[in-house]
Structure formats: C-alpha cells, structure tokens
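A.B. asks: My structure is below; once you've seen it, I'll send some questions.
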Amino acid sequence: MLPRQPTSPSASTGTINLDGGRDSPSPNLSRWERLFAPPMNDIVNNDNAVGTGFISPPLPSAPPWPLVGHTREVGFLQQAIRGHRVSHAYLFVGAPGSGKRSLAVAFAQTLNCQSATSDGHPRLTPCGACPSCHRITRGQHHDVLLLDIERQRELLAGSGRDADADKAARQRVISVATAHELREHISSRPYDARYKIAILGDADTMQDAAANSLLKTLEEPPRWAVIILLAANEGSVPATIRSRCQLISLRAVAREVIATALMQQGVAAAQAGLLAALAEGRPGLAIAAAGDAEAALAERNSALALLQSVIAPDALIADRFAIAARLATSYGSGPAGRASVNATLELWLMWWRDLLLVKSGHPELVTNPDQAAAMHTLAARLDISAIYARIIATQTTVGQLAAAVNPRLALESLVL
Ligand SMILES: [Zn+2]
C-alpha cells in the first residue's frame, strides 16, 4: 500500500488558504490601492476549504526545497506528505514565471525520492542526489511525466511528417491526445517508484474534449496517482476539473528573496535588485532575465524610452502614429513580435503603476527604482486621475490585442 489514506476525490480536494483568509483586498481600499493587490494572490478562502482552512507555516524541522521562495506552499505539501494526506490531484495556479513547474518538480522528487530517512518516516524534501531525483530533474523518470503545449509541439514536430510539423506550429491548447497520454501514464502501476505522477502545464488551455478525457482520470484515479495541473488562470480551468483538485495558488515571492537568489548565482547586487523588482514576485522571470541581465535591462530601457517619446509634452502626432504603426507591424510579424509588443506594454503598465505609487507617497514600492528621478518629475505634472486613466488605457489595449482587435487601431488609440 502507498503511504496515503484512502480518500474519495471529493473528500481529498478543495481549496486551501495558507494564510487563514487574509488576502482578499479590503473593500475599503481606494481604486488605485486595489491596483496594487499582489499580482499573485494567496490561496483564497472559500467554502471548499479542507479541514480548518488554515495551514501553519513551513515545518521548522524540514529542510527547504530547491526553490526560490514559496515556503508556505512547500510547508503545506510537506504537511500533506507527513500526514499521509497526499491528494490524487492538485492545481497549482500562478502567473508565468511564478515557479509552478519548479514547485511541481520538487514535489515529485520528494514523493519519489529513493534516499531513506533516519526515522523511517516519508521524506519531506528531495535529496537531489539519488537516481530518482536526478532522472526527474532531467525529465527522464519512467513514473513522472511532464506534459505541456511545448512538449506537444516537440512530439508532433519530431514525427518527421510535414503535416505534423505544421500542426505543431499552430498548437495553442492542450490536445485530446495529450490528455489521453496522461491518462495512459497514470493508469498503469509505477515502474519503480512509490507514486505515478503526471505534471500537466498549460492546463487552463484545455478545451472540452481534452478536459472530459482528463475528468475521467480524475474521477477514478488509481491509488498510486498524483496529477499536478499547472495554470496561469484558475478561472479558465473547467469547473469540473477544478472541483476535483486541491488548489494551491502561488504567492508573490518577496523582492529580497529573489534578489538574494540572483546574487547567489553571481548577478551583481545592483542588477539583482532591479531584476527582482521588475519580476514582480515571479522568480522564474527574474532567473530567466538574469541569464543575460544586460540584454534584459536594455530591453526594459528601450521600452521605457519609447514610452517617454509617446508621452513627451512636445511629441508630434505624426511621431506617435509612427510608433503605433511600428508596434502594430511587430505584433503582426508572428509569435516573437507579439511577445515583444506584449512585453513592451507590460513594462509600460509597470511604469504607470510605479508613477501612481510615487504620486501616492509610496516610492519605496516601485518596480523601476532606478527611474525615480524621471518619475518624480512626471508625477509633479500629472494628477492621480490622469495616471490612473493611462493604466486603464494600457490594460484595455493589452486586452484588445489578446481579443484580436485590429492591432494598429488598438495601439493608435493608446498612444494618441
Ligand atoms: Zn532523492
């Protein structure tokens, strides 16, 4: 038998509030203060909460997992392991770069780690050195399957058929074939591990057919199964799937924690602080940017310079039209161009939010601390409602682009 109490899917699932229900923004906050609710909310309070709905902080006796931050989430999972209450299905929710995948991989390593403990209890942290830990790190463990849209594309593109290569390039959602693959993986006994684990990224892109296939697996999971779904947007995961998973919503990681991790990787203190601020609590983003910190900061500087030329009091209408046209052309040039324009708009949004923080007397919270002088100058010239209007306009444009509104029209209305 596996070290787990037999539980029905409905009894083993629900929503966990790691903070005892602290986190919903207060209704008394002003409209701009509400804008600064953490980008990744804590696990929310609701009627499905398991047990008391309150989970204590990480186990003091357990060593941390190889992650940047997320100590409460790790503590919750460690408590489940120690209490033999590992669920059949989890839904990890967090923005791209928040660390969902790293958390899932470390959880899988802990569950299947082969190193013995001195007290005979289940391991609460992966050893990182046994064959199982190594194979999971490399994505080569027989009993731990990682799937996402990128993996779908690789599998299709690797088939050698031109038609499949075309199909791979167009894939934007988790396919039925992937849901079937997950089901097949989970249905057979573990080969040489305690748990059969499937980690499914991009779970919020599933359409009905894939979700229905996955639902069958979630309704009757084998006792050895642990299915971990990863999603950026909880609301896009079908309710029937969500209700069968234990929800863990990743919190934003403290700026200092991310900066320290970057410095441990050899990033200079000043750059580490700036990249950590720009990551807005998402360690994965900061770590990716630190791979080429100079380029990441140059990209940020370029986006902000473009914004300055749009909002300069003496900016000509023709120049603003030209900037909108350039961005629209880039947006229409393919996935890389779309990503670049989205990144530019996100940086603009962060800059406007920073300006609002400066204007409302909280300059210590800005994500672009090196821009303080320019922000103070502009803050003196704009009132709060004007800054707030720019934030709303930028958010609207981001939404319009995602909704396939004509990019040129959407961008022109933003910069004019
Ligand atoms: Zn191990």
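Ordered as shown in the structure tokens, chains take letters A, B, and onward, while each chain numbers its residues from 1 and ligands are numbered from 1 in the order shown.
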Give me every strand (DSSP E or B) residue in range 205-394 of chain A, going by DSSP on the backbone, as a PDB file with C-alpha atoms, in the first residue's frame.
C.D. replies:
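Result went into result10.pdb, see below:
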ATOM      1  CA  ALA A 225      -1.684   8.564  -8.943  1.00  0.00           C
ATOM      2  CA  VAL A 226      -0.677  12.143  -8.278  1.00  0.00           C
ATOM      3  CA  ILE A 227      -1.780  14.544 -11.022  1.00  0.00           C
ATOM      4  CA  ILE A 228      -0.497  18.111 -10.834  1.00  0.00           C
ATOM      5  CA  LEU A 229      -2.119  20.644 -13.145  1.00  0.00           C
ATOM      6  CA  LEU A 230      -0.386  23.975 -13.740  1.00  0.00           C
ATOM      7  CA  ALA A 231      -2.359  27.038 -14.804  1.00  0.00           C
ATOM      8  CA  GLN A 246      -6.619  20.689  -4.370  1.00  0.00           C
ATOM      9  CA  LEU A 247      -5.928  24.280  -5.321  1.00  0.00           C
ATOM     10  CA  ILE A 248      -2.624  25.870  -4.468  1.00  0.00           C
ATOM     11  CA  SER A 249      -2.294  29.469  -5.593  1.00  0.00           C
TER      12      SER A 249
END
A.B. asks: So which residues are near ligand 1, meaning at most 9 Å away with only C-alpha atoms and all ligand atoms counted, given back as an NGL selection string?
C.D. replies: :A and (109-110 or 112-116 or 123 or 125-134)
A.B. asks: Within 8 Å of range 325-342 of chain A, counting only C-alpha atoms, which residues show up once you throw out same-chain ones fewer than 4 positions away? Write them as a PyMOL selection string, please.
C.D. replies: chain A and resi 321+346+398+407-408+411-412
A.B. asks: Which residues of range 285-389 of chain A come within 9 Å of range 251-265 of chain A, and for each one, what is the closest pair of atoms and their distance in Å to one decimal, counting only C-alpha atoms, sorted by chain and residue number, as a tab-separated table?
C.D. replies:
residue	atom	partner	partner_atom	distance
A:Ala286	CA	A:Ile258	CA	7.4
A:Ile287	CA	A:Leu262	CA	6.8
A:Ala290	CA	A:Leu262	CA	7.2
A.B. asks: In Å, how far is it from CA of Gly83 in chain A to CA of Leu124 in chain A?
C.D. replies: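 According to the coordinates, CA of Gly83 in chain A and CA of Leu124 in chain A are separated by 10.7 Å.
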A.B. asks: From the options A:Ala296, A:Arg85, A:Ile199, A:His121, which residue's atoms come nearest to Ser102 in chain A, counting only C-alpha atoms?
C.D. replies: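 The shortest atom-to-atom distance to Ser102 in chain A comes from A:Ile199.
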A.B. asks: Can you tell me, as a PyMOL selection string, what residues are no more than 10 Å from Glu184 in chain A when counting only C-alpha atoms, ignoring any on the same chain fewer than 5 positions away?
C.D. replies: chain A and resi 178-179+217
A.B. asks: From the options A:Leu145, A:Ala268, A:Leu304, A:Ala295, which residue's atoms come nearest to Leu347 in chain A, counting only C-alpha atoms?
C.D. replies: A:Leu304
A.B. asks: Go through A:Glu220, A:Asp354, A:Asp292, A:Glu154 one by one, measure the shortest atom-to-atom distance of each to Ile186 in chain A using only C-alpha atoms, and give the residue with the smallest value.
C.D. replies: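 Looking only at the distances to Ile186 in chain A, the closest residue turns out to be A:Glu220.
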A.B. asks: Please compute the CA of Ser213 in chain A-CA of Ser236 in chain A distance, one decimal, in Å.
C.D. replies: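 Computing it gives 16.7 Å between the two atoms.
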A.B. asks: Find the residues near His142 in chain A: any atom within 9 Å, counting only C-alpha atoms, skip ones fewer than 4 places away on the same chain, and give them as a VMD selection string.
C.D. replies: chain A and resid 135 to 136 190 to 193 196
A.B. asks: Which residue gives the smallest distance to Asn233 in chain A among A:Val93, A:Lys167, A:Gly361, A:Ile391, with only C-alpha atoms counted?
C.D. replies: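 Going through A:Val93, A:Lys167, A:Gly361, A:Ile391 one by one, the smallest distance to Asn233 in chain A is for A:Val93.
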A.B. asks: Using only C-alpha atoms, which residue out of A:Val144, A:Leu355, A:Leu297, A:Val86 lies closest to Leu378 in chain A?
C.D. replies: A:Leu355
A.B. asks: Point out the residue among A:Ala293, A:Arg194, A:Glu219, A:Ile387 with the least atom-to-atom distance to Gly273 in chain A, counting only C-alpha atoms.
C.D. replies: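 Smallest distance to Gly273 in chain A is found for A:Ala293.
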